[in-house]
Every structure is written in structure tokens, then in C-alpha cells.
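A.B. asks: One file is attached below, query_6.txt, containing compact mmCIF, C-alpha atoms and all ligand atoms.
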```txt
# COMPACT_ATOMS: atom_id res chain seq x y z
CA MET A 1 25.56 15.36 -24.26
CA SER A 2 24.81 13.08 -21.32
CA ARG A 3 24.85 14.59 -17.82
CA GLN A 4 22.77 14.28 -14.67
CA PRO A 5 19.98 16.88 -14.53
CA VAL A 6 20.82 19.66 -12.09
CA GLU A 7 18.18 20.73 -9.54
CA HIS A 8 17.49 24.41 -10.02
CA PRO A 9 16.69 26.26 -6.76
CA ARG A 10 13.81 28.21 -8.34
CA PHE A 11 12.19 25.29 -10.13
CA ILE A 12 9.15 23.59 -8.52
CA SER A 13 7.01 20.81 -9.97
CA LEU A 14 3.58 19.58 -9.01
CA GLU A 15 2.62 15.95 -9.52
CA GLY A 16 -0.29 13.65 -8.84
CA GLY A 17 -2.88 11.39 -10.38
CA GLU A 18 -6.12 12.30 -12.03
CA GLY A 19 -8.43 14.54 -10.00
CA ALA A 20 -5.81 15.11 -7.29
CA GLY A 21 -6.54 18.85 -7.28
CA LYS A 22 -3.51 20.28 -9.08
CA THR A 23 -5.43 23.34 -10.27
CA SER A 24 -6.00 24.87 -6.83
CA ALA A 25 -2.63 23.62 -5.56
CA LEU A 26 -0.92 25.50 -8.41
CA ALA A 27 -2.71 28.69 -7.41
CA ALA A 28 -1.58 28.17 -3.79
CA ILE A 29 2.05 27.74 -4.88
CA ARG A 30 1.89 30.84 -7.09
CA ASP A 31 0.24 32.97 -4.38
CA THR A 32 2.77 31.88 -1.75
CA LEU A 33 5.75 32.67 -3.98
CA GLN A 34 4.29 36.02 -5.04
CA ALA A 35 3.52 36.94 -1.43
CA ALA A 36 7.22 36.38 -0.72
CA GLY A 37 8.03 38.88 -3.50
CA HIS A 38 9.00 36.47 -6.25
CA GLN A 39 8.20 36.59 -9.95
CA VAL A 40 6.44 33.36 -10.97
CA VAL A 41 5.99 31.57 -14.29
CA LEU A 42 3.29 28.88 -14.22
CA THR A 43 3.49 26.27 -16.92
CA ARG A 44 2.45 22.68 -17.62
CA GLU A 45 3.37 19.39 -19.25
CA PRO A 46 2.85 17.98 -21.73
CA GLY A 47 2.72 21.44 -23.27
CA GLY A 48 3.87 24.88 -22.19
CA THR A 49 4.82 26.20 -25.67
CA PRO A 50 2.63 26.41 -28.81
CA LEU A 51 4.46 23.50 -30.42
CA ALA A 52 4.50 21.42 -27.24
CA GLU A 53 0.76 22.04 -26.87
CA ARG A 54 0.31 20.56 -30.36
CA ILE A 55 2.24 17.49 -29.20
CA ARG A 56 -0.06 17.41 -26.13
CA ALA A 57 -3.05 17.22 -28.45
CA ILE A 58 -1.52 14.22 -30.27
CA LEU A 59 -0.85 12.57 -26.91
CA LEU A 60 -4.27 13.12 -25.38
CA GLU A 61 -6.77 13.02 -28.24
CA PRO A 62 -8.30 9.56 -28.50
CA ALA A 63 -7.43 7.98 -31.86
CA GLU A 64 -8.22 4.75 -33.60
CA GLU A 65 -4.53 3.95 -34.01
CA THR A 66 -3.03 2.74 -30.73
CA LEU A 67 -0.05 4.83 -29.65
CA ALA A 68 2.92 2.58 -28.87
CA PRO A 69 4.25 3.16 -25.31
CA GLU A 70 7.66 4.05 -26.74
CA ALA A 71 6.08 6.60 -29.08
CA GLU A 72 4.14 8.05 -26.13
CA LEU A 73 7.35 8.40 -24.13
CA LEU A 74 9.28 10.02 -26.98
CA LEU A 75 6.46 12.49 -27.63
CA MET A 76 6.46 13.41 -23.92
CA PHE A 77 10.19 14.09 -24.17
CA ALA A 78 9.88 15.95 -27.49
CA ALA A 79 7.40 18.29 -25.81
CA ARG A 80 9.65 18.50 -22.73
CA ALA A 81 12.75 19.41 -24.75
CA GLN A 82 10.83 22.24 -26.39
CA HIS A 83 9.35 23.31 -23.04
CA VAL A 84 12.73 23.38 -21.26
CA GLN A 85 14.54 25.25 -24.02
CA ARG A 86 11.82 27.78 -24.86
CA VAL A 87 10.16 28.44 -21.49
CA ILE A 88 11.77 26.92 -18.40
CA ALA A 89 15.46 27.69 -18.96
CA PRO A 90 14.84 31.31 -20.14
CA ALA A 91 12.49 32.02 -17.20
CA LEU A 92 14.98 30.63 -14.67
CA ALA A 93 17.80 32.58 -16.31
CA GLY A 94 15.66 35.72 -16.02
CA GLY A 95 15.34 35.24 -12.24
CA ALA A 96 11.75 33.95 -12.07
CA PHE A 97 10.46 30.94 -10.17
CA VAL A 98 9.06 28.31 -12.52
CA VAL A 99 6.20 26.13 -11.34
CA SER A 100 5.39 23.27 -13.70
CA ASP A 101 2.19 21.26 -13.53
CA ARG A 102 3.93 17.90 -14.09
CA PHE A 103 7.53 17.31 -15.20
CA THR A 104 9.84 14.30 -15.65
CA ASP A 105 8.48 12.46 -12.59
CA SER A 106 5.26 12.02 -14.60
CA SER A 107 7.21 10.05 -17.21
CA TYR A 108 8.58 7.72 -14.52
CA ALA A 109 5.14 7.29 -12.95
CA TYR A 110 3.08 6.89 -16.15
CA GLN A 111 5.46 5.47 -18.75
CA VAL A 112 7.75 3.36 -16.50
CA HIS A 113 5.37 2.22 -13.74
CA GLY A 114 2.11 2.56 -15.68
CA ARG A 115 3.18 1.29 -19.11
CA GLY A 116 6.06 -0.91 -18.01
CA LEU A 117 8.78 0.76 -20.08
CA ASP A 118 12.41 0.34 -19.09
CA ARG A 119 13.45 2.87 -16.45
CA SER A 120 16.92 3.20 -18.01
CA LEU A 121 15.32 4.53 -21.20
CA VAL A 122 13.74 7.39 -19.25
CA GLU A 123 16.91 7.98 -17.24
CA ASP A 124 18.87 8.20 -20.47
CA LEU A 125 16.42 10.66 -22.04
CA GLU A 126 16.47 12.72 -18.85
CA ARG A 127 20.27 12.91 -18.94
CA ARG A 128 20.50 13.60 -22.66
CA VAL A 129 17.52 15.89 -23.24
CA VAL A 130 16.35 17.57 -20.05
CA HIS A 131 19.42 18.62 -18.00
CA VAL A 132 17.33 20.39 -15.35
CA ALA A 133 15.28 19.10 -12.42
CA PRO A 134 13.01 20.74 -9.86
CA ALA A 135 14.45 21.46 -6.43
CA MET A 136 11.05 20.76 -4.88
CA THR A 137 8.28 18.45 -6.08
CA LEU A 138 4.88 18.53 -4.42
CA LEU A 139 3.06 15.23 -4.83
CA LEU A 140 -0.70 15.26 -4.30
CA ASP A 141 -1.40 11.71 -3.20
CA LEU A 142 -4.95 10.42 -3.56
CA ASP A 143 -6.85 7.15 -3.73
CA VAL A 144 -7.30 6.31 -7.42
CA ARG A 145 -11.05 5.75 -7.26
CA GLU A 146 -11.60 8.97 -5.34
CA GLY A 147 -9.66 10.94 -7.95
CA ARG A 148 -11.53 9.36 -10.82
CA ALA A 149 -14.87 9.97 -9.11
CA ARG A 150 -13.99 13.67 -8.86
CA THR A 151 -13.38 13.98 -12.60
CA ALA A 152 -16.17 11.62 -13.74
CA GLY A 153 -18.77 14.39 -13.97
CA ARG A 154 -16.40 16.76 -15.76
CA ASP A 155 -14.91 14.40 -18.34
CA LEU A 156 -17.75 13.48 -20.67
CA TRP A 157 -15.10 12.60 -23.25
CA PRO A 158 -12.13 11.27 -21.28
CA ASP A 159 -8.77 11.77 -22.99
CA ARG A 160 -6.65 8.90 -24.31
CA ILE A 161 -4.81 8.33 -21.02
CA GLU A 162 -7.90 8.86 -18.82
CA ARG A 163 -9.45 5.89 -20.69
CA GLU A 164 -7.01 3.52 -18.95
CA GLN A 165 -8.29 1.14 -16.27
CA ASP A 166 -7.88 1.55 -12.50
CA ASP A 167 -4.97 -0.93 -12.34
CA PHE A 168 -2.93 1.36 -14.62
CA PHE A 169 -3.55 4.31 -12.28
CA GLU A 170 -2.75 2.15 -9.22
CA ARG A 171 0.66 1.43 -10.75
CA VAL A 172 1.10 5.16 -11.46
CA ARG A 173 0.29 6.01 -7.83
CA GLU A 174 2.74 3.38 -6.58
CA GLY A 175 5.35 4.78 -8.99
CA TYR A 176 4.95 8.24 -7.51
CA ARG A 177 5.21 6.90 -3.97
CA ARG A 178 8.42 5.09 -4.81
CA ARG A 179 9.88 8.26 -6.35
CA ALA A 180 8.98 10.18 -3.21
CA GLN A 181 10.73 7.54 -1.09
CA ALA A 182 13.77 7.55 -3.37
CA PHE A 183 14.09 11.38 -3.30
CA PRO A 184 12.91 12.45 0.18
CA GLN A 185 14.87 15.72 0.04
CA ARG A 186 13.01 16.88 -3.05
CA PHE A 187 9.50 15.48 -2.54
CA ARG A 188 6.77 16.82 -0.26
CA VAL A 189 3.81 14.42 -0.18
CA ILE A 190 0.46 16.11 0.45
CA ASP A 191 -2.66 14.19 1.46
CA ALA A 192 -5.01 15.21 -1.37
CA SER A 193 -8.09 13.60 0.19
CA GLN A 194 -8.55 16.69 2.39
CA SER A 195 -10.84 19.57 1.43
CA PRO A 196 -9.52 21.88 -1.31
CA GLN A 197 -8.93 24.57 1.35
CA SER A 198 -6.90 22.20 3.56
CA VAL A 199 -4.85 21.03 0.57
CA ALA A 200 -4.13 24.66 -0.36
CA VAL A 201 -3.02 25.40 3.24
CA ALA A 202 -0.75 22.32 3.30
CA VAL A 203 0.75 23.28 -0.07
CA ALA A 204 1.36 26.88 1.00
CA GLU A 205 2.97 25.73 4.28
CA ALA A 206 5.27 23.35 2.40
CA VAL A 207 6.35 26.12 0.01
CA ARG A 208 6.93 28.61 2.84
CA ALA A 209 8.99 26.07 4.80
CA TRP A 210 11.03 25.26 1.71
CA LEU A 211 11.66 28.95 0.98
CA GLY A 212 12.67 29.45 4.62
CA ALA A 213 15.10 26.54 4.49
CA GLN A 214 16.69 27.94 1.31
CA ALA A 215 17.19 31.46 2.69
N1 LIG A 301 1.54 12.44 -18.66
C1 LIG A 301 2.32 11.30 -18.88
O1 LIG A 301 1.80 10.21 -19.06
N2 LIG A 301 3.66 11.44 -18.91
C2 LIG A 301 4.30 12.62 -18.77
O2 LIG A 301 5.54 12.68 -18.81
C3 LIG A 301 3.47 13.79 -18.55
C4 LIG A 301 2.11 13.64 -18.50
C5 LIG A 301 4.12 15.12 -18.38
C6 LIG A 301 -2.22 15.04 -18.92
O3 LIG A 301 -1.90 15.65 -17.71
C7 LIG A 301 -1.85 13.58 -18.91
O4 LIG A 301 -0.50 13.40 -19.33
C8 LIG A 301 -1.96 12.92 -17.57
C9 LIG A 301 -0.57 12.36 -17.29
C10 LIG A 301 0.07 12.30 -18.64
N3 LIG A 301 -2.89 11.83 -17.71
N4 LIG A 301 -3.74 11.42 -16.96
N5 LIG A 301 -4.61 10.86 -16.52
P1 LIG A 301 -2.91 16.65 -17.00
O5 LIG A 301 -2.19 17.09 -15.78
O6 LIG A 301 -3.37 17.67 -17.94
O7 LIG A 301 -4.17 15.72 -16.68
P2 LIG A 301 -4.80 15.21 -15.36
O8 LIG A 301 -3.86 14.79 -14.32
O9 LIG A 301 -5.74 14.16 -15.86
O10 LIG A 301 -5.52 16.51 -14.82
P3 LIG A 301 -6.80 16.51 -13.93
O11 LIG A 301 -7.58 15.25 -13.95
O12 LIG A 301 -7.52 17.74 -14.30
O13 LIG A 301 -6.19 16.56 -12.48
P4 LIG A 301 -6.04 17.78 -11.54
O14 LIG A 301 -5.50 18.95 -12.32
O15 LIG A 301 -5.24 17.35 -10.38
O16 LIG A 301 -7.51 18.07 -11.07
P5 LIG A 301 -8.29 19.43 -10.85
O17 LIG A 301 -8.74 20.01 -12.15
O18 LIG A 301 -7.57 20.34 -9.95
O19 LIG A 301 -9.54 18.85 -10.08
C11 LIG A 301 -10.33 17.86 -10.69
C12 LIG A 301 -11.75 17.89 -10.10
O20 LIG A 301 -11.70 17.53 -8.72
C13 LIG A 301 -12.43 19.26 -10.16
O21 LIG A 301 -13.77 19.08 -10.44
C14 LIG A 301 -12.22 19.81 -8.75
O22 LIG A 301 -13.25 20.69 -8.40
C15 LIG A 301 -12.27 18.55 -7.92
N6 LIG A 301 -11.43 18.65 -6.72
C16 LIG A 301 -10.16 19.13 -6.67
N7 LIG A 301 -9.68 19.07 -5.41
C17 LIG A 301 -10.67 18.54 -4.65
C18 LIG A 301 -10.75 18.20 -3.26
N8 LIG A 301 -9.74 18.42 -2.41
N9 LIG A 301 -11.90 17.64 -2.84
C19 LIG A 301 -12.92 17.40 -3.69
N10 LIG A 301 -12.90 17.69 -5.01
C20 LIG A 301 -11.79 18.25 -5.49
```
Show me this structure written as C-alpha cells.
C.D. replies:
Amino acid sequence: MSRQPVEHPRFISLEGGEGAGKTSALAAIRDTLQAAGHQVVLTREPGGTPLAERIRAILLEPAEETLAPEAELLLMFAARAQHVQRVIAPALAGGAFVVSDRFTDSSYAYQVHGRGLDRSLVEDLERRVVHVAPAMTLLLDLDVREGRARTAGRDLWPDRIEREQDDFFERVREGYRRRAQAFPQRFRVIDASQSPQSVAVAVAEAVRAWLGAQA
């Protein structure tokens, strides 16, 4: 069935490039929602269910055989279909807030802008497979080199996507910025070059303001 994904009022996604600081931002979102009395389910993509985590391993483990961009996209959506049906939709139906570390915007940023795949292919998969969208997306925006410098010490064995060159990640960043411009109601862009504490404060303020506007 093909239909536009519907924004769910308790669904939040977090996006950004490598090293943007999603880990502490996620904690700030969770803490803010819990402080307001809400039940929160934190999850991530690709992954979020045992089977989807196995697909994540295929996607991220470096392999001799090059993964075709189309295969990469379809694996992202295979994991997403499983994630939506097994975790996200049941949690939303049960009244919880769902906070996903990455969602469909990642596929537009990485597979459309980064890899150069046709946007209509992703739009079609989104309409046919996903059917749900976040009502708020926090984008941690950061200079590509700064982000990569942050993770350089940690990633002794960079994953398959982290092995891409800077120009790939520049296209990804530009892709995110264009999505934020195209969907200003949904996106909140956070300057991720600030200290972790300042990013956490900015994230918490954005979530509180959003909750206030919804009430
Ligand atoms: N992907 C895709 O292509 N298509 C899709 O549809 C989806 C995903 C869903 C896996 O995602 C990959 O999948 C990802 C996109 C692709 N590929 N890449 N590259 P992931 O989210 O698991 O991977 P990631 O983005 O590479 O995660 P990351 O590098 O760990 O980023 P992060 O979570 O934002 O970083 P962090 O762990 O919070 O922080 C990284 C380091 O920076 C750490 O040492 C921190 O202490 C430090 N840090 C954090 N914040 C700061 C500040 N403010 N100042 C200084 N240092 C900081």
C-alpha cells in the first residue's frame, strides 16, 4: 500500500553526521521527556530489533565484496520495516514516546545525497514500507572534519561507511541541511560544535519548547 508517512506526535528522531554527539543528545532527550512524566523508548537505526541488528552488522562490517548502493538502501529499509513493525509502532500504540537515533532522513542524507541514488526511490520506499514519520527531528550539525577528528581516536577499525572520504560526508551534511530547510516545522538544527554540556542544554530546551507547543 502506498501512502504518505504520517507524523506521529510522540515520535522523535535524532540525526547528524559522524561524531556529532548523538549519544549525549539522546540522553538529554530521554531525561527531558521523563522529567515531563513520559514513558520513553530509545532505539536506533539501522537496528533496533535482533534481526535488524543483524542487518546492521551486514551494513557496517567492512567486506571484500563492495555493497551496491541500491543493496545498501534496500537493507536499510529492510531493517527499518522490521524496526517500525516490531518496536516503533507497538511502543507508540502503548502510549510511549519513541526516540530513534537516526530514521528515514538518514537514508535521504546518506543514500540520496551521499551515494547519489534517485530520491524518488527513497520516497517510494518511505510511502510503501514505513508509513510513519517523526513529528520532531533534531539535527546535530557539525563540520565534517571536526566530527571525524572526534571519532578518529575511538575508531581503530572504522566501519564500512566510516571508510568513505570527506567529500561523501560533505554531501551528507548538505543533504541534511536541505532536509531541514524543506521541513522547517519538523527540524530543529542544533550547533553541535559547542561543548557536550551546551549541546545537551540546547537539545533539552528544544524538546521542552516542542512539548509546550504541543500541549
Ligand atoms: N546510515 C545510512 O547510511 N542510512 C540510513 O538510513 C541509516 C544509517 C539509518 C551507522 O549509524 C551508520 O549508518 C552511519 C549512517 C548510516 N554511518 N556513518 N558514518 P551510527 O549512528 O551508528 O554511526 P555514527 O553516526 O557513525 O555514530 P557516531 O560516529 O558514534 O556518532 P555520534 O553517535 O554522533 O557520536 P558520539 O558517540 O556521541 O560521539 C563521538 C565522539 O565525539 C565521542 O568520543 C564523544 O566523546 C565525542 N564528542 C561528542 N560530543 C562532543 C562535543 N560536543 N565536543 C567534543 N567531543 C564530543
A.B. asks: I'd like the neighbourhood of range 154-166 of chain A as a ChimeraX atom specification, where a residue qualifies if any of its atoms comes within 9 Å (using only C-alpha atoms), though same-chain residues fewer than 6 positions away should be ignored.
C.D. replies: /A:18,59-63,144-145,148
A.B. asks: Please find the residues contacting ligand LIG 301 (chain A) at a distance of at most 7 Å between atoms, with all atoms listed in the file counted, and report them as a PyMOL selection string.
C.D. replies: chain A and resi 16-24+45-46+60+76+101-107+110-111+147+150-151+154+161-162+192-196+199
A.B. asks: Find the residues near Thr137 in chain A: any atom within 7 Å, counting all atoms listed in the file, skip ones fewer than 5 places away on the same chain, and give them as an NGL selection string.
C.D. replies: :A and (12-14 or 186-188)
A.B. asks: What separation in Å, quoted to one decimal, exists between CA of Ala206 in chain A and CA of Ala133 in chain A?
C.D. replies: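 Interatomic distance here is 18.4 Å.
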A.B. asks: Give me, as a list of chain:residue names, all polymer residues having an atom no more than 10 Å from Leu26 in chain A, counting all atoms listed in the file and skipping those fewer than 5 positions away in the same chain.
C.D. replies: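 Result of the neighbour search: A:Ser13, A:Leu14, A:Gly21, A:Asp31, A:Thr32, A:Leu42, A:Thr43, A:Val99, A:Ser100, A:Asp101, A:Leu138, A:Ala200, A:Val203, A:Ala204.
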A.B. asks: Could you state the separation of CA of Leu139 in chain A and CA of Ala27 in chain A in Å, given to one decimal place?
C.D. replies: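 For CA of Leu139 in chain A relative to CA of Ala27 in chain A, the distance reads 14.9 Å.
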A.B. asks: With all atoms listed in the file as the basis for distance, which of A:Ala109, A:Leu73, A:Val189, A:Val122 is at the shortest distance from Gly175 in chain A?
C.D. replies: A:Ala109
A.B. asks: Could you check how far CA of Gly114 in chain A sits from CA of Phe169 in chain A, in Å to one decimal?
C.D. replies: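 Rounded to one decimal, the two atoms are 6.8 Å apart.
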